Amino acid sequence: MNHFELQGGELACEGVPLSRIAEAVGTPVYVYSTATLERHFTVLRDALTDQGLKDPLIAFAVKANSNVAVLRTLAALGAGADVVSEGEVRRALAAGVPPERIVFSGVGKTEPEVAFALEAGVAEINVESEPELHLVNRVAQQMGRRAAVAIRVNPDVSAGGHAKISTGKADNKFGVSFSEAERLYATASNLAGVRPVGVACHIGSQITELAPMEAAFSKMRGLVERLRAEGMGLERLDLGGGLGVPYFNQPAPPSPADYAAMIGRVTKGLDIQLAFEPGRVIAANAGVLVSRVIHIHERPEGRRFLVLDAAMNDLIRPAMYDAYHDIRPLAPRPGEPLAYDVVGPICETGDTFTRDRLLPPLQAGDLVAFMTAGAYGAAMASEYNSRPLVPEVLVKGDQFAVVRPRPSYDDMLERERAAPWQA
Ligand code: LLP
């Protein structure tokens, strides 16, 4: 469920018509609903708590939506943060996420990043390889610390979905095999700079079936039991994120309740704290990208291009993953739907959001919303073609606030300078 609905013939976010935001802030613009973010987080948390899980750590995957106001909304509900860079650690801290609820993932953390995270006091560093284990050990020792680490396992399961977002197959770059994990865990327990506290996995994103997750998590349970049988201590099992959302063209994903029931089944009696790293399931349907129609170019030969002021630099998912986003006019006009090729102004054929999409009749100046754009939308935006970075707005009830303004052209140019010999 989300809070983007037609009110008096106009698409609104909670109590604010999206057209009002478009007028005030300009387009393109991302708009997020506080109520939807809160609802998605609490539904997932309650489903997991209903399974009797003890104090699960729900660490929102900051990469999905890294706006500090969004993170602040979730932090206020007790969310932790799954981060993959120093920048993301800083964002989580700025949003008020307590360091003991931050987990640090990623295959290539640098020494300064690890040092920063240890200084901040993050809960756990998810170590993805043997060289990384030694890097963390070295940095922690130099700082006179002992770093809590989890070993990230690659469970070698196929999670379905787009190849570019599958992470849990043996030929993906993430994590180590089960046998390596056992060896590294033992190694870690003998190193002075680290303290192994658990194991972690994350098998992919936009997963729409429980079976691959259940297979992976059962294997993870087996690993916990084997390590414990060898006398090792484990406090936490991190099961990653990955739960999919409906994008309207894909099989309906499992509900948070079904997901939680599966977790309850697989981890029954294990007596361990569970951690989760959900991103998309919390943020995707809590955000839309609002854009204005610049014009409609109808070719006599037949194609009808809907040219928008949003482009692939603002929302790259269709270009990168052939992703489907529902497109809704903010004030739908009556009339038979027409087939449009929906494109942006960027000078690349890839700047095509969709082809032959049936939409209500549209005119130049109309506003449309790309739905399900709250995850991996603004977070992946760029200034390609020197288009100012797309702004972000947060709505709560009948209020809205610009939580990342659109930079001016001067802001954009001030970041660059002539080389000394050009002065
Ligand atoms: N944990 C780790 C270690 C991850 O790598 C990811 C996502 C997550 C958690 C969160 O996964 P989620 O719950 O959001 O599925 N840009 C792509 C998605 C890339 C996902 C990368 N890793 C897209 O737009 O579909």
# chains A, B, ... in the order shown; residues from 1 in each chain; ligands from 1
call {"tool": "residues_near_ligand", "arguments": {"ligand": "ligand 1", "cutoff": "9 Å", "atoms": "only C-alpha atoms and all ligand atoms", "output": "JSON, numbers by chain"}}
result
{"A": [59, 60, 61, 62, 63, 64, 82, 83, 84, 104, 105, 106, 126, 152, 162, 164, 165, 166, 167, 174, 200, 201, 202, 203, 204, 205, 206, 207, 239, 240, 241, 242, 243, 244, 245, 276, 277, 278, 279, 280, 281, 282, 283, 284, 316, 317, 318, 320, 321, 323, 375, 376, 377, 379, 380]}
call {"tool": "write_last_selection", "arguments": {"atoms": "C-alpha atoms", "output": "PDB file, in the first residue's frame"}}
result
ATOM      1  CA  ALA A  59      19.292  -1.935   8.567  1.00  0.00           C
ATOM      2  CA  PHE A  60      17.852   0.084   5.668  1.00  0.00           C
ATOM      3  CA  ALA A  61      20.077  -0.240   2.582  1.00  0.00           C
ATOM      4  CA  VAL A  62      21.166   3.380   2.219  1.00  0.00           C
ATOM      5  CA  LYS A  63      22.134   2.872  -1.424  1.00  0.00           C
ATOM      6  CA  ALA A  64      18.438   2.535  -2.316  1.00  0.00           C
ATOM      7  CA  ASP A  82      23.338  -0.956   5.737  1.00  0.00           C
ATOM      8  CA  VAL A  83      26.116   1.138   4.208  1.00  0.00           C
ATOM      9  CA  VAL A  84      28.743   0.545   1.544  1.00  0.00           C
ATOM     10  CA  PHE A 104      29.200  -1.890   6.652  1.00  0.00           C
ATOM     11  CA  SER A 105      29.064  -4.069   3.496  1.00  0.00           C
ATOM     12  CA  GLY A 106      30.877  -3.945   0.146  1.00  0.00           C
ATOM     13  CA  ASN A 126      30.817  -7.455   6.688  1.00  0.00           C
ATOM     14  CA  ARG A 152      29.877 -12.511   3.924  1.00  0.00           C
ATOM     15  CA  HIS A 162      17.987  -9.106 -13.882  1.00  0.00           C
ATOM     16  CA  LYS A 164      22.988  -6.977 -13.346  1.00  0.00           C
ATOM     17  CA  ILE A 165      21.443  -7.156  -9.873  1.00  0.00           C
ATOM     18  CA  SER A 166      22.070 -10.830  -9.036  1.00  0.00           C
ATOM     19  CA  THR A 167      24.700 -11.095  -6.314  1.00  0.00           C
ATOM     20  CA  PHE A 174      30.434 -10.880  -3.619  1.00  0.00           C
ATOM     21  CA  ALA A 200      26.075 -12.539   6.368  1.00  0.00           C
ATOM     22  CA  CYS A 201      24.605 -13.050   2.914  1.00  0.00           C
ATOM     23  CA  HIS A 202      22.646 -11.066   0.322  1.00  0.00           C
ATOM     24  CA  ILE A 203      21.617 -12.942  -2.803  1.00  0.00           C
ATOM     25  CA  GLY A 204      20.189 -10.284  -5.079  1.00  0.00           C
ATOM     26  CA  SER A 205      17.581  -7.612  -5.540  1.00  0.00           C
ATOM     27  CA  GLN A 206      13.991  -7.491  -6.791  1.00  0.00           C
ATOM     28  CA  ILE A 207      13.541 -11.133  -5.777  1.00  0.00           C
ATOM     29  CA  LEU A 239      20.225 -12.232   5.835  1.00  0.00           C
ATOM     30  CA  GLY A 240      20.598  -9.189   3.561  1.00  0.00           C
ATOM     31  CA  GLY A 241      17.820  -7.506   1.593  1.00  0.00           C
ATOM     32  CA  GLY A 242      16.400  -8.287  -1.813  1.00  0.00           C
ATOM     33  CA  LEU A 243      12.665  -8.608  -1.345  1.00  0.00           C
ATOM     34  CA  GLY A 244      11.010  -7.402  -4.553  1.00  0.00           C
ATOM     35  CA  VAL A 245       8.158  -4.973  -5.118  1.00  0.00           C
ATOM     36  CA  PHE A 276      18.155  -7.563   7.511  1.00  0.00           C
ATOM     37  CA  GLU A 277      19.213  -5.055   4.847  1.00  0.00           C
ATOM     38  CA  PRO A 278      16.007  -4.119   3.009  1.00  0.00           C
ATOM     39  CA  GLY A 279      16.142  -1.232   0.553  1.00  0.00           C
ATOM     40  CA  ARG A 280      13.681  -1.435  -2.300  1.00  0.00           C
ATOM     41  CA  VAL A 281      10.782  -2.947  -0.335  1.00  0.00           C
ATOM     42  CA  ILE A 282      10.795   0.089   1.941  1.00  0.00           C
ATOM     43  CA  ALA A 283      11.570   2.932  -0.442  1.00  0.00           C
ATOM     44  CA  ALA A 284      10.467   2.020  -3.981  1.00  0.00           C
ATOM     45  CA  ILE A 316      18.431   5.301 -15.086  1.00  0.00           C
ATOM     46  CA  ARG A 317      16.648   2.040 -14.254  1.00  0.00           C
ATOM     47  CA  PRO A 318      14.853   1.625 -17.620  1.00  0.00           C
ATOM     48  CA  MET A 320      20.210   0.081 -17.300  1.00  0.00           C
ATOM     49  CA  TYR A 321      17.943  -2.850 -16.410  1.00  0.00           C
ATOM     50  CA  ALA A 323      13.072  -1.753 -15.805  1.00  0.00           C
ATOM     51  CA  ALA A 375      14.435   3.257  -4.600  1.00  0.00           C
ATOM     52  CA  TYR A 376      17.474   3.481  -6.886  1.00  0.00           C
ATOM     53  CA  GLY A 377      15.988   6.616  -8.503  1.00  0.00           C
ATOM     54  CA  ALA A 379      20.292   7.759  -5.560  1.00  0.00           C
ATOM     55  CA  MET A 380      21.530   6.805  -9.049  1.00  0.00           C
TER      56      MET A 380
END
call {"tool": "residues_around", "arguments": {"residues": "Glu111 (chain A)", "least_positions_apart": "6", "cutoff": "12 Å", "atoms": "only C-alpha atoms", "output": "list in words"}}
result
Ser85, Glu86, Ala117, Leu118, Pro131, Glu132, Leu133, His134, Leu135, Val136, Asn137, Arg138, Val139, Ala140, Gln142 and Met143 of chain A
call {"tool": "write_last_selection", "arguments": {"atoms": "C-alpha atoms", "output": "mmCIF file, in the first residue's frame"}}
result
data_model
loop_
_atom_site.group_PDB
_atom_site.id
_atom_site.type_symbol
_atom_site.label_atom_id
_atom_site.label_comp_id
_atom_site.auth_asym_id
_atom_site.auth_seq_id
_atom_site.Cartn_x
_atom_site.Cartn_y
_atom_site.Cartn_z
ATOM 1 C CA SER A 85 31.015 3.595 1.672
ATOM 2 C CA GLU A 86 32.291 6.269 4.018
ATOM 3 C CA ALA A 117 33.775 3.243 10.390
ATOM 4 C CA LEU A 118 35.698 1.870 13.380
ATOM 5 C CA PRO A 131 42.474 -9.833 1.888
ATOM 6 C CA GLU A 132 39.715 -7.660 3.298
ATOM 7 C CA LEU A 133 39.786 -9.577 6.602
ATOM 8 C CA HIS A 134 43.494 -8.809 6.894
ATOM 9 C CA LEU A 135 42.954 -5.183 5.909
ATOM 10 C CA VAL A 136 40.359 -4.735 8.674
ATOM 11 C CA ASN A 137 42.598 -6.550 11.161
ATOM 12 C CA ARG A 138 45.546 -4.303 10.268
ATOM 13 C CA VAL A 139 43.595 -1.048 10.490
ATOM 14 C CA ALA A 140 41.929 -2.028 13.784
ATOM 15 C CA GLN A 142 46.825 0.287 14.292
ATOM 16 C CA MET A 143 43.952 2.007 16.071
#
call {"tool": "closest_residue", "arguments": {"among": "A:Gly9, A:Pro28, A:Gly108, A:Pro196", "to": "Ala381 (chain A)", "atoms": "only C-alpha atoms"}}
result
A:Pro28
call {"tool": "closest_residue", "arguments": {"among": "A:Thr110, A:Ser386, A:Asn154, A:Thr49", "to": "Asp171 (chain A)", "atoms": "only C-alpha atoms"}}
result
A:Asn154
call {"tool": "closest_residue", "arguments": {"among": "A:Asn385, A:Ser218, A:Gln141, A:Asn67", "to": "Val194 (chain A)", "atoms": "only C-alpha atoms"}}
result
A:Gln141
call {"tool": "select_by_dssp", "arguments": {"residues": "region 172-244 of chain A", "states": "strand (DSSP E)", "output": "ChimeraX atom specification"}}
result
/A:194-200,236-238
call {"tool": "residues_around", "arguments": {"residues": "region 354-364 of chain A", "least_positions_apart": "4", "cutoff": "12 Å", "atoms": "only C-alpha atoms", "output": "PDB file with N, CA, C and O atoms, in the first residue's frame"}}
result
ATOM      1  N   SER A 291       7.392  14.643 -13.781  1.00  0.00           N
ATOM      2  CA  SER A 291       8.020  15.231 -14.965  1.00  0.00           C
ATOM      3  C   SER A 291       6.955  15.910 -15.824  1.00  0.00           C
ATOM      4  O   SER A 291       5.780  15.551 -15.772  1.00  0.00           O
ATOM      5  N   ARG A 292       7.405  16.882 -16.624  1.00  0.00           N
ATOM      6  CA  ARG A 292       6.465  17.606 -17.487  1.00  0.00           C
ATOM      7  C   ARG A 292       6.689  17.210 -18.950  1.00  0.00           C
ATOM      8  O   ARG A 292       7.829  16.963 -19.363  1.00  0.00           O
ATOM      9  N   VAL A 293       5.595  17.150 -19.688  1.00  0.00           N
ATOM     10  CA  VAL A 293       5.683  16.858 -21.125  1.00  0.00           C
ATOM     11  C   VAL A 293       6.183  18.120 -21.828  1.00  0.00           C
ATOM     12  O   VAL A 293       5.568  19.188 -21.709  1.00  0.00           O
ATOM     13  N   ILE A 294       7.319  18.006 -22.539  1.00  0.00           N
ATOM     14  CA  ILE A 294       7.824  19.170 -23.287  1.00  0.00           C
ATOM     15  C   ILE A 294       7.034  19.292 -24.598  1.00  0.00           C
ATOM     16  O   ILE A 294       6.499  20.333 -24.915  1.00  0.00           O
ATOM     17  N   HIS A 295       6.999  18.201 -25.327  1.00  0.00           N
ATOM     18  CA  HIS A 295       6.091  18.172 -26.468  1.00  0.00           C
ATOM     19  C   HIS A 295       5.850  16.748 -26.937  1.00  0.00           C
ATOM     20  O   HIS A 295       6.478  15.805 -26.450  1.00  0.00           O
ATOM     21  N   ILE A 296       4.928  16.652 -27.860  1.00  0.00           N
ATOM     22  CA  ILE A 296       4.610  15.337 -28.429  1.00  0.00           C
ATOM     23  C   ILE A 296       4.976  15.391 -29.899  1.00  0.00           C
ATOM     24  O   ILE A 296       4.521  16.273 -30.628  1.00  0.00           O
ATOM     25  N   HIS A 297       5.861  14.509 -30.266  1.00  0.00           N
ATOM     26  CA  HIS A 297       6.362  14.488 -31.639  1.00  0.00           C
ATOM     27  C   HIS A 297       5.754  13.277 -32.333  1.00  0.00           C
ATOM     28  O   HIS A 297       6.110  12.141 -32.037  1.00  0.00           O
ATOM     29  N   GLU A 298       4.813  13.571 -33.237  1.00  0.00           N
ATOM     30  CA  GLU A 298       4.164  12.466 -33.968  1.00  0.00           C
ATOM     31  C   GLU A 298       4.757  12.384 -35.349  1.00  0.00           C
ATOM     32  O   GLU A 298       4.712  13.353 -36.115  1.00  0.00           O
ATOM     33  N   GLY A 302       4.338   7.073 -38.213  1.00  0.00           N
ATOM     34  CA  GLY A 302       3.653   6.250 -37.211  1.00  0.00           C
ATOM     35  C   GLY A 302       4.072   6.396 -35.760  1.00  0.00           C
ATOM     36  O   GLY A 302       3.240   6.290 -34.904  1.00  0.00           O
ATOM     37  N   ARG A 303       5.343   6.646 -35.435  1.00  0.00           N
ATOM     38  CA  ARG A 303       5.684   6.634 -34.004  1.00  0.00           C
ATOM     39  C   ARG A 303       5.253   7.937 -33.338  1.00  0.00           C
ATOM     40  O   ARG A 303       5.264   9.006 -33.953  1.00  0.00           O
ATOM     41  N   ARG A 304       4.879   7.813 -32.088  1.00  0.00           N
ATOM     42  CA  ARG A 304       4.433   8.983 -31.317  1.00  0.00           C
ATOM     43  C   ARG A 304       5.336   9.102 -30.099  1.00  0.00           C
ATOM     44  O   ARG A 304       5.284   8.268 -29.198  1.00  0.00           O
ATOM     45  N   PHE A 305       6.228  10.125 -30.090  1.00  0.00           N
ATOM     46  CA  PHE A 305       7.181  10.302 -28.987  1.00  0.00           C
ATOM     47  C   PHE A 305       6.641  11.292 -27.963  1.00  0.00           C
ATOM     48  O   PHE A 305       6.294  12.426 -28.327  1.00  0.00           O
ATOM     49  N   LEU A 306       6.607  10.844 -26.717  1.00  0.00           N
ATOM     50  CA  LEU A 306       6.251  11.740 -25.617  1.00  0.00           C
ATOM     51  C   LEU A 306       7.579  12.229 -25.050  1.00  0.00           C
ATOM     52  O   LEU A 306       8.302  11.485 -24.391  1.00  0.00           O
ATOM     53  N   VAL A 307       7.935  13.477 -25.344  1.00  0.00           N
ATOM     54  CA  VAL A 307       9.237  14.007 -24.923  1.00  0.00           C
ATOM     55  C   VAL A 307       9.062  14.697 -23.568  1.00  0.00           C
ATOM     56  O   VAL A 307       8.334  15.693 -23.470  1.00  0.00           O
ATOM     57  N   LEU A 308       9.722  14.136 -22.548  1.00  0.00           N
ATOM     58  CA  LEU A 308       9.573  14.644 -21.177  1.00  0.00           C
ATOM     59  C   LEU A 308      10.775  15.500 -20.791  1.00  0.00           C
ATOM     60  O   LEU A 308      11.828  15.429 -21.426  1.00  0.00           O
ATOM     61  N   ASP A 309      10.634  16.229 -19.666  1.00  0.00           N
ATOM     62  CA  ASP A 309      11.811  16.962 -19.149  1.00  0.00           C
ATOM     63  C   ASP A 309      12.623  16.100 -18.176  1.00  0.00           C
ATOM     64  O   ASP A 309      13.647  16.553 -17.673  1.00  0.00           O
ATOM     65  N   ALA A 311      14.944  12.597 -17.718  1.00  0.00           N
ATOM     66  CA  ALA A 311      15.753  11.807 -18.641  1.00  0.00           C
ATOM     67  C   ALA A 311      16.466  10.690 -17.889  1.00  0.00           C
ATOM     68  O   ALA A 311      16.320  10.550 -16.668  1.00  0.00           O
ATOM     69  N   MET A 312      17.260   9.924 -18.650  1.00  0.00           N
ATOM     70  CA  MET A 312      17.963   8.780 -18.051  1.00  0.00           C
ATOM     71  C   MET A 312      18.904   9.207 -16.928  1.00  0.00           C
ATOM     72  O   MET A 312      19.213   8.414 -16.048  1.00  0.00           O
ATOM     73  N   ILE A 316      17.659   6.096 -14.105  1.00  0.00           N
ATOM     74  CA  ILE A 316      18.431   5.301 -15.086  1.00  0.00           C
ATOM     75  C   ILE A 316      17.948   3.857 -15.183  1.00  0.00           C
ATOM     76  O   ILE A 316      18.394   3.109 -16.056  1.00  0.00           O
ATOM     77  N   ARG A 317      17.021   3.460 -14.317  1.00  0.00           N
ATOM     78  CA  ARG A 317      16.648   2.040 -14.254  1.00  0.00           C
ATOM     79  C   ARG A 317      16.136   1.473 -15.588  1.00  0.00           C
ATOM     80  O   ARG A 317      16.530   0.363 -15.965  1.00  0.00           O
ATOM     81  N   PRO A 318      15.290   2.193 -16.344  1.00  0.00           N
ATOM     82  CA  PRO A 318      14.853   1.625 -17.620  1.00  0.00           C
ATOM     83  C   PRO A 318      16.026   1.410 -18.579  1.00  0.00           C
ATOM     84  O   PRO A 318      16.126   0.357 -19.225  1.00  0.00           O
ATOM     85  N   ALA A 319      16.954   2.388 -18.655  1.00  0.00           N
ATOM     86  CA  ALA A 319      18.089   2.247 -19.571  1.00  0.00           C
ATOM     87  C   ALA A 319      19.021   1.134 -19.121  1.00  0.00           C
ATOM     88  O   ALA A 319      19.574   0.394 -19.928  1.00  0.00           O
ATOM     89  N   TYR A 321      18.466  -1.500 -16.699  1.00  0.00           N
ATOM     90  CA  TYR A 321      17.943  -2.850 -16.410  1.00  0.00           C
ATOM     91  C   TYR A 321      16.688  -3.175 -17.207  1.00  0.00           C
ATOM     92  O   TYR A 321      15.972  -4.117 -16.851  1.00  0.00           O
ATOM     93  N   ASP A 322      16.381  -2.372 -18.223  1.00  0.00           N
ATOM     94  CA  ASP A 322      15.090  -2.525 -18.923  1.00  0.00           C
ATOM     95  C   ASP A 322      13.942  -2.515 -17.931  1.00  0.00           C
ATOM     96  O   ASP A 322      12.953  -3.234 -18.088  1.00  0.00           O
ATOM     97  N   ALA A 323      14.079  -1.731 -16.871  1.00  0.00           N
ATOM     98  CA  ALA A 323      13.072  -1.753 -15.805  1.00  0.00           C
ATOM     99  C   ALA A 323      11.778  -1.096 -16.269  1.00  0.00           C
ATOM    100  O   ALA A 323      11.786  -0.169 -17.075  1.00  0.00           O
ATOM    101  N   TYR A 324      10.689  -1.594 -15.754  1.00  0.00           N
ATOM    102  CA  TYR A 324       9.360  -1.066 -16.046  1.00  0.00           C
ATOM    103  C   TYR A 324       8.912  -0.154 -14.914  1.00  0.00           C
ATOM    104  O   TYR A 324       8.946  -0.560 -13.749  1.00  0.00           O
ATOM    105  N   HIS A 325       8.530   1.074 -15.227  1.00  0.00           N
ATOM    106  CA  HIS A 325       7.888   1.945 -14.237  1.00  0.00           C
ATOM    107  C   HIS A 325       6.535   2.362 -14.779  1.00  0.00           C
ATOM    108  O   HIS A 325       6.444   2.817 -15.926  1.00  0.00           O
ATOM    109  N   ASP A 326       5.516   2.207 -13.952  1.00  0.00           N
ATOM    110  CA  ASP A 326       4.201   2.676 -14.333  1.00  0.00           C
ATOM    111  C   ASP A 326       4.288   4.194 -14.527  1.00  0.00           C
ATOM    112  O   ASP A 326       4.994   4.871 -13.766  1.00  0.00           O
ATOM    113  N   ILE A 327       3.623   4.725 -15.542  1.00  0.00           N
ATOM    114  CA  ILE A 327       3.616   6.174 -15.777  1.00  0.00           C
ATOM    115  C   ILE A 327       2.168   6.643 -15.696  1.00  0.00           C
ATOM    116  O   ILE A 327       1.292   6.098 -16.384  1.00  0.00           O
ATOM    117  N   ARG A 328       1.918   7.619 -14.816  1.00  0.00           N
ATOM    118  CA  ARG A 328       0.535   8.077 -14.634  1.00  0.00           C
ATOM    119  C   ARG A 328       0.453   9.586 -14.817  1.00  0.00           C
ATOM    120  O   ARG A 328       1.227  10.331 -14.208  1.00  0.00           O
ATOM    121  N   PRO A 329      -0.476  10.044 -15.661  1.00  0.00           N
ATOM    122  CA  PRO A 329      -0.709  11.497 -15.751  1.00  0.00           C
ATOM    123  C   PRO A 329      -1.198  11.992 -14.397  1.00  0.00           C
ATOM    124  O   PRO A 329      -1.955  11.303 -13.723  1.00  0.00           O
ATOM    125  N   LEU A 330      -0.776  13.203 -13.988  1.00  0.00           N
ATOM    126  CA  LEU A 330      -1.242  13.709 -12.695  1.00  0.00           C
ATOM    127  C   LEU A 330      -2.719  14.071 -12.737  1.00  0.00           C
ATOM    128  O   LEU A 330      -3.407  13.986 -11.726  1.00  0.00           O
ATOM    129  N   ALA A 331      -3.181  14.494 -13.921  1.00  0.00           N
ATOM    130  CA  ALA A 331      -4.605  14.805 -14.058  1.00  0.00           C
ATOM    131  C   ALA A 331      -5.089  14.160 -15.357  1.00  0.00           C
ATOM    132  O   ALA A 331      -5.087  14.797 -16.416  1.00  0.00           O
ATOM    133  N   PRO A 332      -5.438  12.877 -15.285  1.00  0.00           N
ATOM    134  CA  PRO A 332      -5.749  12.149 -16.520  1.00  0.00           C
ATOM    135  C   PRO A 332      -6.915  12.791 -17.288  1.00  0.00           C
ATOM    136  O   PRO A 332      -7.917  13.151 -16.694  1.00  0.00           O
ATOM    137  N   ARG A 333      -6.703  12.961 -18.606  1.00  0.00           N
ATOM    138  CA  ARG A 333      -7.782  13.499 -19.456  1.00  0.00           C
ATOM    139  C   ARG A 333      -8.632  12.342 -19.948  1.00  0.00           C
ATOM    140  O   ARG A 333      -8.120  11.246 -20.138  1.00  0.00           O
ATOM    141  N   PRO A 334      -9.916  12.619 -20.176  1.00  0.00           N
ATOM    142  CA  PRO A 334     -10.753  11.559 -20.735  1.00  0.00           C
ATOM    143  C   PRO A 334     -10.318  11.242 -22.169  1.00  0.00           C
ATOM    144  O   PRO A 334      -9.662  12.071 -22.809  1.00  0.00           O
ATOM    145  N   GLY A 335     -10.656  10.066 -22.646  1.00  0.00           N
ATOM    146  CA  GLY A 335     -10.331   9.719 -24.034  1.00  0.00           C
ATOM    147  C   GLY A 335      -9.653   8.374 -24.124  1.00  0.00           C
ATOM    148  O   GLY A 335      -9.196   7.846 -23.116  1.00  0.00           O
ATOM    149  N   GLU A 336      -9.631   7.836 -25.330  1.00  0.00           N
ATOM    150  CA  GLU A 336      -9.020   6.530 -25.572  1.00  0.00           C
ATOM    151  C   GLU A 336      -7.513   6.602 -25.338  1.00  0.00           C
ATOM    152  O   GLU A 336      -6.869   7.572 -25.751  1.00  0.00           O
ATOM    153  N   PRO A 337      -6.937   5.595 -24.691  1.00  0.00           N
ATOM    154  CA  PRO A 337      -5.482   5.591 -24.528  1.00  0.00           C
ATOM    155  C   PRO A 337      -4.768   5.541 -25.881  1.00  0.00           C
ATOM    156  O   PRO A 337      -5.289   4.989 -26.844  1.00  0.00           O
ATOM    157  N   LEU A 338      -3.591   6.128 -25.923  1.00  0.00           N
ATOM    158  CA  LEU A 338      -2.770   6.125 -27.137  1.00  0.00           C
ATOM    159  C   LEU A 338      -1.420   5.488 -26.814  1.00  0.00           C
ATOM    160  O   LEU A 338      -0.982   5.516 -25.654  1.00  0.00           O
ATOM    161  N   ALA A 339      -0.744   4.967 -27.837  1.00  0.00           N
ATOM    162  CA  ALA A 339       0.575   4.351 -27.619  1.00  0.00           C
ATOM    163  C   ALA A 339       1.670   5.409 -27.761  1.00  0.00           C
ATOM    164  O   ALA A 339       1.763   6.081 -28.795  1.00  0.00           O
ATOM    165  N   TYR A 340       2.479   5.547 -26.740  1.00  0.00           N
ATOM    166  CA  TYR A 340       3.563   6.536 -26.748  1.00  0.00           C
ATOM    167  C   TYR A 340       4.916   5.847 -26.572  1.00  0.00           C
ATOM    168  O   TYR A 340       5.045   4.912 -25.775  1.00  0.00           O
ATOM    169  N   ASP A 341       5.948   6.379 -27.246  1.00  0.00           N
ATOM    170  CA  ASP A 341       7.330   6.071 -26.884  1.00  0.00           C
ATOM    171  C   ASP A 341       7.738   7.199 -25.939  1.00  0.00           C
ATOM    172  O   ASP A 341       7.745   8.369 -26.344  1.00  0.00           O
ATOM    173  N   VAL A 342       8.034   6.857 -24.686  1.00  0.00           N
ATOM    174  CA  VAL A 342       8.290   7.897 -23.689  1.00  0.00           C
ATOM    175  C   VAL A 342       9.793   8.111 -23.595  1.00  0.00           C
ATOM    176  O   VAL A 342      10.545   7.178 -23.249  1.00  0.00           O
ATOM    177  N   VAL A 343      10.255   9.324 -23.918  1.00  0.00           N
ATOM    178  CA  VAL A 343      11.693   9.593 -24.012  1.00  0.00           C
ATOM    179  C   VAL A 343      12.070  10.864 -23.248  1.00  0.00           C
ATOM    180  O   VAL A 343      11.218  11.700 -22.965  1.00  0.00           O
ATOM    181  N   GLY A 344      13.363  10.974 -22.939  1.00  0.00           N
ATOM    182  CA  GLY A 344      13.892  12.193 -22.330  1.00  0.00           C
ATOM    183  C   GLY A 344      14.682  12.982 -23.349  1.00  0.00           C
ATOM    184  O   GLY A 344      14.877  12.529 -24.484  1.00  0.00           O
ATOM    185  N   THR A 349      19.991   7.119 -27.676  1.00  0.00           N
ATOM    186  CA  THR A 349      18.793   6.321 -27.906  1.00  0.00           C
ATOM    187  C   THR A 349      18.367   5.619 -26.618  1.00  0.00           C
ATOM    188  O   THR A 349      17.191   5.382 -26.380  1.00  0.00           O
ATOM    189  N   GLY A 350      19.371   5.316 -25.766  1.00  0.00           N
ATOM    190  CA  GLY A 350      19.074   4.664 -24.489  1.00  0.00           C
ATOM    191  C   GLY A 350      18.208   5.522 -23.575  1.00  0.00           C
ATOM    192  O   GLY A 350      17.661   5.023 -22.596  1.00  0.00           O
ATOM    193  N   VAL A 368       3.340  14.195 -15.556  1.00  0.00           N
ATOM    194  CA  VAL A 368       3.196  12.749 -15.365  1.00  0.00           C
ATOM    195  C   VAL A 368       4.086  12.321 -14.198  1.00  0.00           C
ATOM    196  O   VAL A 368       5.028  13.039 -13.823  1.00  0.00           O
ATOM    197  N   ALA A 369       3.761  11.151 -13.621  1.00  0.00           N
ATOM    198  CA  ALA A 369       4.582  10.622 -12.536  1.00  0.00           C
ATOM    199  C   ALA A 369       5.062   9.220 -12.908  1.00  0.00           C
ATOM    200  O   ALA A 369       4.270   8.396 -13.377  1.00  0.00           O
ATOM    201  N   PHE A 370       6.360   9.000 -12.729  1.00  0.00           N
ATOM    202  CA  PHE A 370       6.905   7.637 -12.792  1.00  0.00           C
ATOM    203  C   PHE A 370       6.716   7.046 -11.404  1.00  0.00           C
ATOM    204  O   PHE A 370       7.250   7.573 -10.420  1.00  0.00           O
TER     205      PHE A 370
END
